[in-house]
Number of protein chains: 2
Amino acid sequence: MLTRPTNNRMRKNDLAMRGIMLWRCIADDFEQMILIGKHEDRERLPAESEIAARYGVNRHTVRRAMAELAQRGLVYTERGSGTYVKADKLNYRISQRTRFSENVAAAGHEAQGRLQSHRFEPATEEIAERLKLEPGEQMSRLEIVRASDGVPISVATTWLSARRYPDAAKFFRRHRSITRMLDHHGIAAYERKWSRITAGFADAVDAGRLRMAVHRPILVIESLDITPDGEPILTTRGRFAADRVALIIEN
Amino acid sequence: MLTRPTNNRMRKNDLAMRGIMLWRCIADDFEQMILIGKHEDRERLPAESEIAARYGVNRHTVRRAMAELAQRGLVYTERGSGTYVKADKLNYRISQRTRFSENVAAAGHEAQGRLQSHRFEPATEEIAERLKLEPGEQMSRLEIVRASDGVPISVATTWLSARRYPDAAKFFRRHRSITRMLDHHGIAAYERKWSRITAGFADAVDAGRLRMAVHRPILVIESLDITPDGEPILTTRGRFAADRVALIIEN
DNA sequence: GCAAGTTGTCTACTCGATTAGACAAGCAAT
DNA sequence: ATTGCTTGTCTAATCGAGTAGACAACTTGC
């Protein structure tokens with residue numbers, strides 16, 4: 001809550017608040033509350049008109065704040081009913097068969113994937129070693145943003161050999177699926193060899209793509225995918241919005 | 001500096017910056033730099049036009065930011081010459097004879113004092129013990145904001161016996177000086193018995209009066225003043241903007 | 001003294017934030 | 001089905017942020 005919710009004339013005299021728009025203050029208040037965990041998942045928030053009265057602002061200002069929170073995936077609105085907290089994290093299972101779309105489908109949502117950028121670059125030592133290639137070999141580097149019901153979940157950088165998979169970007173752009181892109185290159189099945197999980201903070205670029213604030217935490221998953229024969233195919237560095245995902249590992 | 005100083009069209013798409021005004025971002029950047037100590041005292045900042053070019057904004061927007069910083073006492077402008085960093089802290093000497101006005105005068109500045117509020121309240125045990133009064137005795141409680149050349153330095157709560165000094169508020173309001181207020185009550189001289197120094201953060205009210213951000217540190221000085229005979233006169237709880245003051249104790 | 005550079009001030013304009021009010025559309029419970 | 005409440009949408013108006021340009025007033029170095 002604002003320091004003085006009922007009086008927004010004082011806000012203008014409050015140094016800390018000057019230069020920050022009303023809707024942003026309100027949005028930040030609710031974001032804080034939700035991320036702190038003060039609300040249940042699917043909990044109904046007060047009506048827009050009530051929030052407006054509580055802050056002493058117009059209802060439209062509250063709507064602006066809620067629109068912001070909705071875009072960040074923190075709440076969702078149902079016309080005629082109310083605005084509800086979306087505090088559930090996507091349970092993202094990391095297994096031998098790890099597929100983004102299947103993880104999202106299992107949660108009852110619809111998955112989207114979008115190729116943000118594609119370029120060729122030589123393999124670093126690190127990547128060459130992972131994929132058993134020569135350092136300096138030309139690689140396809142795909143930057144893919146993945147979302148669940150429109151809410152961005154992760155941004156992943158994927159490297160694969162440009163020689164072996166020359167049309168990776170083209171096929172991914174067409175089918176929006178790594179699985180089908182590999183299918184076009186004659187790889188019918190692939191599985192996860194290993195995953196390495198760390199945590200950090202979103203940089204400006206990732207934060208923008210994930211529609212999250214810069215200071216929020218992310219989960220970083222580096223991984224290697226192989227054919228059933230053990231042949232390395234691709235390696236990925238994924239950054240997951242930690243506020244929206246929980247990783248599940250079952251043994 | 002902003003993440004992308006040269007391009008402020010991207011700023012609008014940056015989630016973290018949406019709803020925060022341009023001048024506020026620029027002001028925050030410079031405040032950060034100055035408080036971190038990246039600038040010398042009296043160092044000249046780039047010209048307004050150059051800062052504007054660097055951020056890709058209009059010069060007026062920079063002026064708005066600088067006005068903010070000037071009001072917070074972080075910079076000062078000299079017409080025709082430039083804008084300069086004001087990173088020097090007021091050396092506030094705590095001695096047997098501690099006077100705000102004398103400390104400010106010693107630094108070559110002009111002191112101001114303003115009675116923010118005045119009310120009567122019974123003495124707490126703590127205060128009664130300090131002043132050798134009965135708990136519950138009626139006290140005058142003065143809230144005084146003190147400034148140096150217009151920059152707020154401290155806000156102090158002073159308690160003295162309403163019975164012995166019935167016109168404390170009236171005389172202070174007239175002369176804006178504790179010394180002269182006491183003179184009217186027949187106290188020609190007084191001295192500091194003890195001071196107790198702690199640190200903390202400004203609450204919303206103090207932050208507003210000190211024109212500082214809520215999260216900035218303050219020095220808290222509790223003290224007792226007595227007559228040369230050892231008779232307790234008043235006790236004070238002062239909150240000093242730590243960014244603007246250094247306390248000097250010489251033995 | 002002069003020229004170059006800097007802050008201070010003014011006007012005019014556009015755009016978005018915010019307010020205000022009204023009504024449509026949809027949900028839920030009686 | 002009706003009633004009450006809620007979100008969605010629209011219009012109109014005010015105010016401040018930000019842009020643009022010009023000029024005055026002032027400082028500094030030559």
# chains A, B, ... in the order shown; residues from 1 in each chain; ligands from 1
>>> interface_residues(of="chain A", to="chain D", cutoff="9 Å", atoms="only C-alpha atoms (C1' of nucleotides)", output="list in words")
Ala47, Glu48, Thr77, Glu78, Arg79, Gly80, Ser81, Gly82 and Thr83 of chain A
>>> closest_atom_pairs(of="chain C", to="chain B", cutoff="12 Å", atoms="only C-alpha atoms (C1' of nucleotides)", output="tab-separated table")
residue	atom	partner	partner_atom	distance
C:DA4	C1'	B:Gly80	CA	11.4
C:DG5	C1'	B:Gly80	CA	7.9
C:DT6	C1'	B:Gly80	CA	4.2
C:DT7	C1'	B:Arg79	CA	4.3
C:DG8	C1'	B:Arg79	CA	7.3
C:DT9	C1'	B:His60	CA	11.2
C:DG16	C1'	B:Gly19	CA	10.7
C:DA17	C1'	B:Gly19	CA	9.4
>>> closest_residue(among="A:Arg42, A:Arg211, A:Arg176, A:His109", to="chain B", atoms="only C-alpha atoms")
A:Arg211
>>> select_by_dssp(residues="range 85-237 of chain B", states="alpha helix (DSSP H)", output="PyMOL selection string")
chain B and resi 100-106+125-131+168-175+178-184+204-209
>>> closest_residue(among="A:Arg18, A:His118, A:His39, A:Lys193", to="chain B", atoms="only C-alpha atoms")
A:Arg18
>>> interface_residues(of="chain A", to="chain B", cutoff="9 Å", atoms="only C-alpha atoms", output="list of chain:residue names")
A:Thr3, A:Asn13, A:Asp14, A:Leu15, A:Ala16, A:Met17, A:Arg18, A:Gly19, A:Ile20, A:Met21, A:Leu22, A:Trp23, A:Arg24, A:Cys25, A:Arg72, A:Ala204, A:Val205, A:Ala207, A:Gly208, A:Arg211, A:Met212, A:Ala213, A:Val214, A:His215
>>> select_by_dssp(residues="range 36-124 of chain A", states="strand (DSSP E or B)", output="VMD selection string")
chain A and resid 44 75 to 78 82 to 85 90 to 93 111 to 122
>>> write_last_selection(atoms="C-alpha atoms", output="PDB file, in the first residue's frame")
ATOM      1  CA  ARG A  44     -10.209 -12.030  -6.084  1.00  0.00           C
ATOM      2  CA  VAL A  75      -3.297 -10.864 -12.479  1.00  0.00           C
ATOM      3  CA  TYR A  76      -6.054 -11.631 -14.940  1.00  0.00           C
ATOM      4  CA  THR A  77      -9.464 -10.049 -15.313  1.00  0.00           C
ATOM      5  CA  GLU A  78     -12.841 -11.620 -15.971  1.00  0.00           C
ATOM      6  CA  GLY A  82     -13.539  -9.325 -11.095  1.00  0.00           C
ATOM      7  CA  THR A  83      -9.756  -9.246 -11.161  1.00  0.00           C
ATOM      8  CA  TYR A  84      -7.890 -12.253  -9.843  1.00  0.00           C
ATOM      9  CA  VAL A  85      -4.370 -12.914  -8.646  1.00  0.00           C
ATOM     10  CA  LEU A  90       4.201 -23.133 -13.979  1.00  0.00           C
ATOM     11  CA  ASN A  91       5.504 -26.510 -12.824  1.00  0.00           C
ATOM     12  CA  TYR A  92       8.206 -27.088 -15.377  1.00  0.00           C
ATOM     13  CA  ARG A  93       9.366 -30.664 -15.298  1.00  0.00           C
ATOM     14  CA  ALA A 111       2.250 -22.729 -25.399  1.00  0.00           C
ATOM     15  CA  GLN A 112       3.710 -20.154 -27.763  1.00  0.00           C
ATOM     16  CA  GLY A 113       7.227 -19.852 -29.109  1.00  0.00           C
ATOM     17  CA  ARG A 114       8.731 -17.029 -31.090  1.00  0.00           C
ATOM     18  CA  LEU A 115      12.113 -16.734 -32.732  1.00  0.00           C
ATOM     19  CA  GLN A 116      13.436 -13.377 -31.634  1.00  0.00           C
ATOM     20  CA  SER A 117      16.674 -13.427 -33.569  1.00  0.00           C
ATOM     21  CA  HIS A 118      18.936 -15.724 -35.513  1.00  0.00           C
ATOM     22  CA  ARG A 119      22.551 -15.374 -36.480  1.00  0.00           C
ATOM     23  CA  PHE A 120      25.579 -17.428 -37.349  1.00  0.00           C
ATOM     24  CA  GLU A 121      28.636 -17.419 -35.141  1.00  0.00           C
ATOM     25  CA  PRO A 122      31.663 -19.630 -34.604  1.00  0.00           C
TER      26      PRO A 122
END
>>> atom_distance(atom1="CA of Ser148 in chain B", atom2="CA of Leu35 in chain B")
18.7 Å
>>> atom_distance(atom1="CA of Ile36 in chain A", atom2="CA of Ala105 in chain A")
27.2 Å
